Structures are given as C-alpha cells and as structure tokens.
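What follows is one structure encoded as structure tokens, with my remarks underneath.
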Number of protein chains: 2
Amino acid sequence: MNKRTEKMAETRAKLIQAARQAFAEKGYAEASMDDLTSKVNLTRGALYHNFGNKLGLLAAVVDQLDSEMAIKAQMKAEAVENEWESFLMEGIAYIEMALVPEIQRIVLLDGPAFLGDPSQWPSQSSCLQLTIAKVQHLIDTNILKEVDVEATSRLVSGAALNAALWVAASATPEEVLPKAIEAFKTLCSGLVKS
Amino acid sequence: MNKRTEKMAETRAKLIQAARQAFAEKGYAEASMDDLTSKVNLTRGALYHNFGNKLGLLAAVVDQLDSEMAIKAQMKAEAVENEWESFLMEGIAYIEMALVPEIQRIVLLDGPAFLGDPSQWPSQSSCLQLTIAKVQHLIDTNILKEVDVEATSRLVSGAALNAALWVAASATPEEVLPKAIEAFKTLCSGLVKS
DNA sequence: AATCTAACATACATGGCGTATGTCTTAGTG
DNA sequence: CACTAAGACATACGCCATGTATGTTAGATT
C-alpha cells in the first residue's frame with residue numbers, strides 16, 4: 001500500500017491547488033466543482049471521495065493557507081530582535097498578507113462565512129494561536145499590561161485583518177498601506193505597560 | 001399613483017423582514033427564495049421585480065440592519081458625557097450588537113463575503129461613517145493623537161467586530177463579554193494623546 | 001370607459017450539488 | 001501466479017435553486 005497512498009496524496013494536492021485558484025477567482029459560492037476538478041483532469045468523484053463535500057474542500061484549502069500564513073508571519077517576526085517590535089511585525093505581516101487576493105477572499109471572507117468562527121476550525125487557526133502565544137509571552141515578560149490573552153489576541157488580529165480589507169478595497173493600496181500600519185502600531189501601543 | 005407605491009412599499013418591507021429571518025437562520029447561501037417569499041404569501045416574482053436578484057435583497061437587508069445599528073450605537077454613545085468615554089461606548093455598543101445572531105450572521109459574515117468590503121456598500125456602512133466622524137472629532141478636540149482617520153476607524157471597528165465574533169462563538173458569552181470590553185478599552189487607550 | 005402601465009404570478013430552462021452505482025487498478029493470499 | 005477483496009475514482013441520476021420569459025390582473029392616465 002504505497003503506490004496508492006502516494007497517488008492519492010497527489011490527487012488531493014491537485015484538487016486543493018485547483019480549488020485555491022477557483023475559490024480565489026470566483027469565490028466559494030460561485031466556484032463550480034465540475035470546472036475546478038476538470039482543470040486537473042479529475043471529476044467530482046475524486047473530490048467527494050477525498051473531501052466528503054464542497055465544504056470539506058474549502059476547509060482543506062483554508063487549512064493550507066492558514067498554515068502558510070502562520071509560517072510566513074513567524075519568519076517575519078523572528079527576524080526582529082526587540083520583542084515588542086517583533087510582535088508588531090507579526091501584525092504587520094498579517095496586514096500585508098491579507099492583501100493577497102487569494103488569502104483575503106478564501107481565508108478572510110469565505111472562510112468565516114461558510115465554516116464559521118476561525119477559532120472553531122479544525123486547524124484552530126494557526127495564525128490566531130501564534131498571536132495568542134506571543135501575547136502571553138509578552139505578558140509574562142512584563143512588557144504588556146495584564147490583559148486577557150484571548151480577548152486581546154482576537155482584537156489585535158481582527159484589527160489587522162480589517163485594516164487589510166480596507167487597504168485592499170482602496171483605489172491606491174500602496175498609498176494607504178503605510179497608514180494602516182502606522183495606525184496599527186499606534187493602537188497596539190495601548191497594550192504596553194507604561 | 002398612491003395606492004400602488006403604498007402597496008409596493010409594503011411588499012418590500014415584507015420581503016426584507018422575511019429575508020432577515022431566513023438569512024439569519026440558514027445563512028444567505030442556504031436560504032431558499034421560494035421558501036422565504038412564500039412565508040409572506042408572495043412568490044419570487046415579487047422579489048425579482050423589487051430587488052433584481054438575490055444579492056439585491058441581501059443588500060437591502062444589510063442596509064436596513066446597518067442603519068439600525070448605527071442609530072443604536074449613536075444613542076448609547078450620546079448617553080455618555082465624557083467625549084472619550086462616549087467613543088469607547090460606541091465601540092462597546094458594536095461589540096454587544098454583534099452578539100445578536102441576526103446581525104452577526106448577515107452583516108458581519110455573509111455581508112462582506114457576498115457584497116464585498118463594507119466601505120464599498122451602497123449604504124457605505126453607516127456604522128463605519130459614524131466611527132470616522134467621531135475619530136475626526138476627537139482629533140480636532142486634541143484628545144486623540146494625530147492618526148489617520150480612516151485607518152484608525154477601520155482598525156477600531158474591526159477589532160470590535162472580531163471581538164464580538166469571539167464572544168459569540170464562546171461557550172459562555174456572558175463571561176467573556178466583559179473581558180472583550182476590557183481588552184477593547186485597553187487597546188483604544190493607545191490612541192489618546194499622552 | 002378604454003387603454004396602458006407596472007406589480008406580481010406562473011412556467012420554463014439551466015446548472016450545480018450530492019448520492020448511488022459502476023469500473024479498474026492495486027494489494028494481499030494461497 | 002491466479003484469484004479475490006478493497007479502495008480510488010468515474011459515470012449517471014435525481015433534486016433543487018436561481019434567473020428569465022411570459023402571462024395576468026389591478027390600478028393609473030386620458
């Protein structure tokens with residue numbers, strides 16, 4: 001049982017890739033499963049066998065994107081020495097990633113609408129978990145006020161994502177992005193111990 | 001041409017009301033237009049005549065809810081003397097309203113997913129406009145730092161809405177709500193001039 | 001009063017999802 | 001090395017929902 005699992009993993013990957021493209025372009029609701037499967041020379045049969053239904057495919061796609069986002073954000077954050085600056089950099093990384101149409105459309109818009117609250121997702125939203133860990137650490141090291149960890153994390157990530165939606169919808173994203181980042185920093189400064 | 005427009009306004013109201021209920025219960029995608037129209041003794045004919053298509057109906061519903069939200073938030077905010085406290089109260093009001101399933105599902109989840117970014121809606125999102133005006137005023141009166149108005153407003157409202165999503169998804173909303181409010185206040189404190 | 005407009009209902013066409021069934025390849029077994 | 005069992009995927013079908021095209025009737029216009 002080697003050649004079979006190998007091939008199955010390949011078709012799963014193909015379907016997820018096709019779905020990423022289709023969902024990003026047309027949105028989850030308008031994406032046809034016949035279309036996206038045939039683009040990788042498969043049929044809906046493969047899809048239902050591997051993912052159960054259309055929502056299962058969306059969940060798989062969201063999971064993959066979420067993981068990729070968390071990795072990138074962590075890398076960007078780790079590149080900064082200062083702990084507080086590192087925290088801010090993570091948030092800024094989310095804002096910037098949320099500008100990518102694929103992420104915005106699938107993870108930020110369709111994801112919550114069709115899969116429910118991100119914290120309830122199977123992946124548990126790696127991004128959110130990452131932020132929670134970081135906030136906890138900053139509280140432990142006496143940098144942040146003693147706020148509620150989960151609540152603060154949700155507020156911060158929510159602010160970042162919403163800022164990104166605004167930037168992306170604007171006519172001149174390149175011009176407003178720095179403003180969003182600046183406002184984000186200012187807002188977050190309310191969390192630091194004085 | 002009086003009795004006709006009168007009756008048409010009535011059917012529009014009936015359809016919007018039915019849609020509010022259907023969208024809130026099943027979500028926009030899963031709501032059947034045959035079902036919701038027949039619940040008020042109409043057919044899809046009335047719907048397409050009045051709203052063009054299913055998205056048109058959603059837009060009308062969102063517009064109505066958004067207006068109601070803005071009014072409520074303003075009332076709550078006006079009840080507070082201190083300008084800064086009043087601003088916070090507005091945000092808190094949004095958090096609390098976002099706990100109402102109807103608002104959460106339709107305005108916060110399905111709205112952005114199917115209609116796009118709220119700032120591009122026909123209603124232009126009264127809630128957002130309200131926050132923008134308030135932020136501008138607080139900057140003018142030298143209470144807030146000189147941040148970018150739009151960016152800050154988006155961040156603040158985004159934080160509030162995301163906090164609400166978290167509260168609503170939690171097992172014990174009554175217990176987490178105060179935490180969310182507290183965290184919101186702390187976060188916003190970063191905006192005040194020191 | 002006659003006609004015309006428009007609000008709404010009815011009927012039809014299209015397409016998508018989900019499931020049930022079929023087929024073929026691969027892994028295991030004597 | 002056949003033979004069988006199972007799983008991965010394709011094919012075929014039914015159902016339902018949206019959107020549109022066509023009717024029908026009530027009310028406005030003259």
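How things are named: the first chain in the structure tokens is A, the next is B, and so on; residues count from 1 in each chain; ligands count from 1 in the order shown.
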- Task: Restrict the distance test to only C-alpha atoms (C1' of nucleotides), flag each residue of chain C within 12 Å of chain A, and return the flagged residues as a PyMOL selection string.
- Result: chain C and resi 15-21+25-28
- Can you check which residues of chain A have any atom within 6 Å of chain B? Use only C-alpha atoms and format it as JSON, numbers by chain. {"A": [109, 110, 113, 151, 152, 154, 155, 158, 159, 162, 163, 180, 183, 186, 187, 189, 190, 191]}
- Tell me, as a ChimeraX atom specification, which residues lie within 12 Å of DA21 (chain D), counting only C-alpha atoms (C1' of nucleotides); anything in the same chain fewer than 2 positions away does not count. /B:45 /C:10-13 /D:19,23
Selection from above, N, CA and C atoms (P, O5', C5', C4', C3', O3' and C1' of nucleotides), as a CSV table (one decimal), in the first residue's frame, can you write it?
```csv
chain,number,residue,atom,x,y,z
B,45,GLY,N,-41.4,36.1,-8.0
B,45,GLY,CA,-41.7,37.2,-9.0
B,45,GLY,C,-41.6,38.6,-8.3
C,10,DT,P,-49.2,31.8,-8.8
C,10,DT,O5',-48.7,31.3,-10.2
C,10,DT,C5',-49.5,31.6,-11.3
C,10,DT,C4',-48.8,31.2,-12.6
C,10,DT,C3',-48.3,29.7,-12.6
C,10,DT,O3',-48.7,29.0,-13.7
C,10,DT,C1',-46.6,31.2,-13.3
C,11,DA,P,-48.3,27.5,-13.9
C,11,DA,O5',-47.1,27.5,-14.9
C,11,DA,C5',-47.3,28.4,-16.1
C,11,DA,C4',-46.1,28.3,-17.0
C,11,DA,C3',-45.5,26.9,-17.0
C,11,DA,O3',-45.0,26.6,-18.4
C,11,DA,C1',-43.8,28.4,-16.3
C,12,DC,P,-44.4,25.1,-18.7
C,12,DC,O5',-42.9,25.5,-19.1
C,12,DC,C5',-42.6,26.6,-19.9
C,12,DC,C4',-41.1,26.9,-19.8
C,12,DC,C3',-40.2,25.7,-19.9
C,12,DC,O3',-39.3,25.9,-21.0
C,12,DC,C1',-39.6,27.1,-18.1
C,13,DA,P,-38.4,24.6,-21.6
C,13,DA,O5',-37.0,25.2,-21.3
C,13,DA,C5',-36.7,26.5,-21.6
C,13,DA,C4',-35.3,26.9,-21.0
C,13,DA,C3',-34.3,25.9,-21.1
C,13,DA,O3',-33.0,26.5,-21.5
C,13,DA,C1',-34.6,26.5,-18.8
D,19,DG,P,-30.0,34.7,-8.9
D,19,DG,O5',-30.5,34.8,-10.4
D,19,DG,C5',-29.8,34.3,-11.5
D,19,DG,C4',-30.6,34.1,-12.7
D,19,DG,C3',-31.4,35.4,-13.2
D,19,DG,O3',-31.2,35.6,-14.6
D,19,DG,C1',-32.8,33.6,-13.1
D,23,DG,P,-47.1,34.6,-23.5
D,23,DG,O5',-48.0,35.0,-22.2
D,23,DG,C5',-49.1,34.1,-21.8
D,23,DG,C4',-49.3,34.2,-20.3
D,23,DG,C3',-50.6,35.0,-20.0
D,23,DG,O3',-51.4,34.1,-19.2
D,23,DG,C1',-48.7,35.7,-18.7
```
Within chain B, find each residue whose DSSP state, derived from the backbone, is helix (DSSP H, G or I), and express the selection as a compact mmCIF listing (two decimals) with C-alpha atoms, in the first residue's frame.
```
# COMPACT_ATOMS: atom_id res chain seq x y z
CA LYS B 3 -52.21 53.10 -3.66
CA ARG B 4 -49.62 51.31 -5.82
CA THR B 5 -46.47 52.72 -4.30
CA GLU B 6 -48.00 52.18 -0.90
CA LYS B 7 -48.60 48.53 -1.58
CA MET B 8 -45.19 48.11 -3.15
CA ALA B 9 -43.52 49.54 -0.06
CA GLU B 10 -45.46 47.05 1.97
CA THR B 11 -44.32 44.08 -0.06
CA ARG B 12 -40.74 45.33 0.05
CA ALA B 13 -40.99 45.53 3.80
CA LYS B 14 -42.50 42.07 3.97
CA LEU B 15 -39.77 40.58 1.82
CA ILE B 16 -37.00 42.27 3.77
CA GLN B 17 -38.46 41.06 7.02
CA ALA B 18 -38.76 37.51 5.73
CA ALA B 19 -35.23 37.69 4.38
CA ARG B 20 -33.85 38.91 7.69
CA GLN B 21 -35.26 35.85 9.35
CA ALA B 22 -34.26 33.37 6.65
CA PHE B 23 -30.74 34.73 6.22
CA ALA B 24 -30.22 34.82 9.96
CA GLU B 25 -31.36 31.24 10.43
CA LYS B 26 -29.89 29.47 7.41
CA MET B 33 -36.03 32.33 -2.05
CA ASP B 34 -39.09 30.22 -2.73
CA ASP B 35 -39.34 29.49 0.97
CA LEU B 36 -38.87 32.97 2.28
CA THR B 37 -41.22 34.58 -0.20
CA SER B 38 -43.99 32.06 0.40
CA ARG B 44 -40.08 35.01 -6.37
CA GLY B 45 -41.71 37.22 -8.96
CA ALA B 46 -42.17 39.96 -6.38
CA LEU B 47 -38.62 39.52 -5.27
CA TYR B 48 -37.00 39.87 -8.66
CA HIS B 49 -39.23 42.77 -9.52
CA ASN B 50 -38.31 44.69 -6.37
CA PHE B 51 -34.71 43.77 -5.78
CA LYS B 54 -30.91 37.54 -4.52
CA LEU B 55 -27.91 39.76 -3.90
CA GLY B 56 -30.13 42.81 -4.20
CA LEU B 57 -32.28 41.50 -1.41
CA LEU B 58 -29.23 40.87 0.75
CA ALA B 59 -28.02 44.39 0.11
CA ALA B 60 -31.38 45.78 1.19
CA VAL B 61 -31.37 43.70 4.35
CA VAL B 62 -27.81 44.67 5.21
CA ASP B 63 -28.62 48.30 4.62
CA GLN B 64 -31.53 48.17 7.00
CA LEU B 65 -29.58 46.37 9.71
CA ASP B 66 -26.65 48.70 9.34
CA SER B 67 -28.88 51.71 9.79
CA GLU B 68 -30.48 50.24 12.87
CA MET B 69 -27.06 49.51 14.31
CA ALA B 70 -25.78 53.00 13.70
CA ILE B 71 -28.81 54.52 15.39
CA LYS B 72 -28.49 52.32 18.44
CA ALA B 73 -24.77 52.91 18.74
CA GLN B 74 -25.21 56.65 18.49
CA MET B 75 -27.89 56.62 21.15
CA LYS B 76 -25.69 54.69 23.52
CA ALA B 77 -22.73 56.92 22.82
CA GLU B 78 -24.71 60.13 23.29
CA GLU B 83 -16.14 62.52 24.90
CA TRP B 84 -13.57 59.80 25.20
CA GLU B 85 -15.88 57.58 27.23
CA SER B 86 -18.52 58.22 24.63
CA PHE B 87 -16.23 56.97 21.91
CA LEU B 88 -15.49 53.83 23.87
CA MET B 89 -19.17 53.32 24.49
CA GLU B 90 -19.83 53.35 20.79
CA GLY B 91 -17.33 50.58 20.26
CA ILE B 92 -18.75 48.62 23.14
CA ALA B 93 -22.18 49.02 21.65
CA TYR B 94 -20.91 47.44 18.43
CA ILE B 95 -19.44 44.55 20.33
CA GLU B 96 -22.71 43.95 22.10
CA MET B 97 -24.80 44.25 18.98
CA PRO B 101 -27.22 36.33 15.72
CA GLU B 102 -29.12 38.21 13.05
CA ILE B 103 -26.52 40.96 12.89
CA GLN B 104 -23.55 38.69 13.18
CA ARG B 105 -24.63 36.29 10.51
CA ILE B 106 -25.95 38.78 7.97
CA VAL B 107 -23.91 41.93 8.45
CA LEU B 108 -20.61 40.58 9.68
CA LEU B 109 -20.26 37.24 7.93
CA ASP B 110 -22.40 36.99 4.81
CA GLY B 111 -22.34 40.71 4.05
CA PRO B 112 -18.61 41.05 3.43
CA ALA B 113 -18.43 37.62 1.77
CA PHE B 114 -21.15 38.25 -0.81
CA LEU B 115 -21.23 42.03 -1.13
CA PRO B 118 -18.43 47.22 3.70
CA SER B 119 -16.93 50.58 2.80
CA GLN B 120 -17.99 49.91 -0.79
CA SER B 126 -23.35 53.91 8.40
CA CYS B 127 -21.59 52.34 11.34
CA LEU B 128 -18.21 52.98 9.84
CA GLN B 129 -19.13 56.52 8.85
CA LEU B 130 -20.20 57.18 12.39
CA THR B 131 -16.91 55.97 13.79
CA ILE B 132 -14.95 58.00 11.29
CA ALA B 133 -16.81 61.15 12.27
CA LYS B 134 -16.18 60.51 15.91
CA VAL B 135 -12.49 59.86 15.46
CA GLN B 136 -12.15 63.03 13.43
CA HIS B 137 -13.87 65.00 16.14
CA LEU B 138 -11.62 63.57 18.84
CA ILE B 139 -8.57 64.52 16.84
CA ASP B 140 -9.90 68.03 16.30
CA VAL B 149 -8.77 58.89 10.49
CA GLU B 150 -9.94 56.21 8.12
CA ALA B 151 -7.25 53.73 9.03
CA THR B 152 -7.87 54.11 12.73
CA SER B 153 -11.62 53.83 12.32
CA ARG B 154 -11.27 50.64 10.35
CA LEU B 155 -8.93 49.17 12.90
CA VAL B 156 -11.15 50.05 15.81
CA SER B 157 -14.36 48.80 14.26
CA GLY B 158 -12.56 45.70 13.01
CA ALA B 159 -11.30 44.98 16.47
CA ALA B 160 -14.74 45.42 17.92
CA LEU B 161 -16.42 43.18 15.41
CA ASN B 162 -13.84 40.45 15.71
CA ALA B 163 -14.10 40.54 19.45
CA ALA B 164 -17.81 40.04 19.11
CA LEU B 165 -17.34 37.04 16.86
CA TRP B 166 -15.15 35.53 19.50
CA VAL B 167 -17.60 36.24 22.29
CA ALA B 168 -20.48 34.78 20.33
CA ALA B 169 -18.60 31.60 19.45
CA PRO B 173 -20.70 34.51 26.11
CA GLU B 174 -21.81 36.23 29.29
CA GLU B 175 -18.48 35.54 30.92
CA VAL B 176 -16.23 36.57 28.05
CA LEU B 177 -18.08 39.71 27.07
CA PRO B 178 -16.63 41.82 29.91
CA LYS B 179 -13.15 40.56 29.03
CA ALA B 180 -13.64 41.65 25.44
CA ILE B 181 -14.83 45.06 26.53
CA GLU B 182 -11.90 45.49 28.89
CA ALA B 183 -9.42 44.49 26.22
CA PHE B 184 -11.09 46.87 23.79
CA LYS B 185 -10.70 49.75 26.19
CA THR B 186 -7.07 48.92 26.81
CA LEU B 187 -6.32 48.72 23.13
CA CYS B 188 -8.02 52.01 22.36
CA SER B 189 -6.07 53.75 25.10
CA GLY B 190 -3.16 53.68 22.68
CA LEU B 191 -4.91 56.32 20.64
```
- Item | Distance filter 10 Å, only C-alpha atoms (C1' of nucleotides), chain D against chain B, as number ranges by chain | D: 16-20, 26-29
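The coordinates place CA of Asn82 (chain A) at 13.6 Å from CA of Leu144 (chain A).
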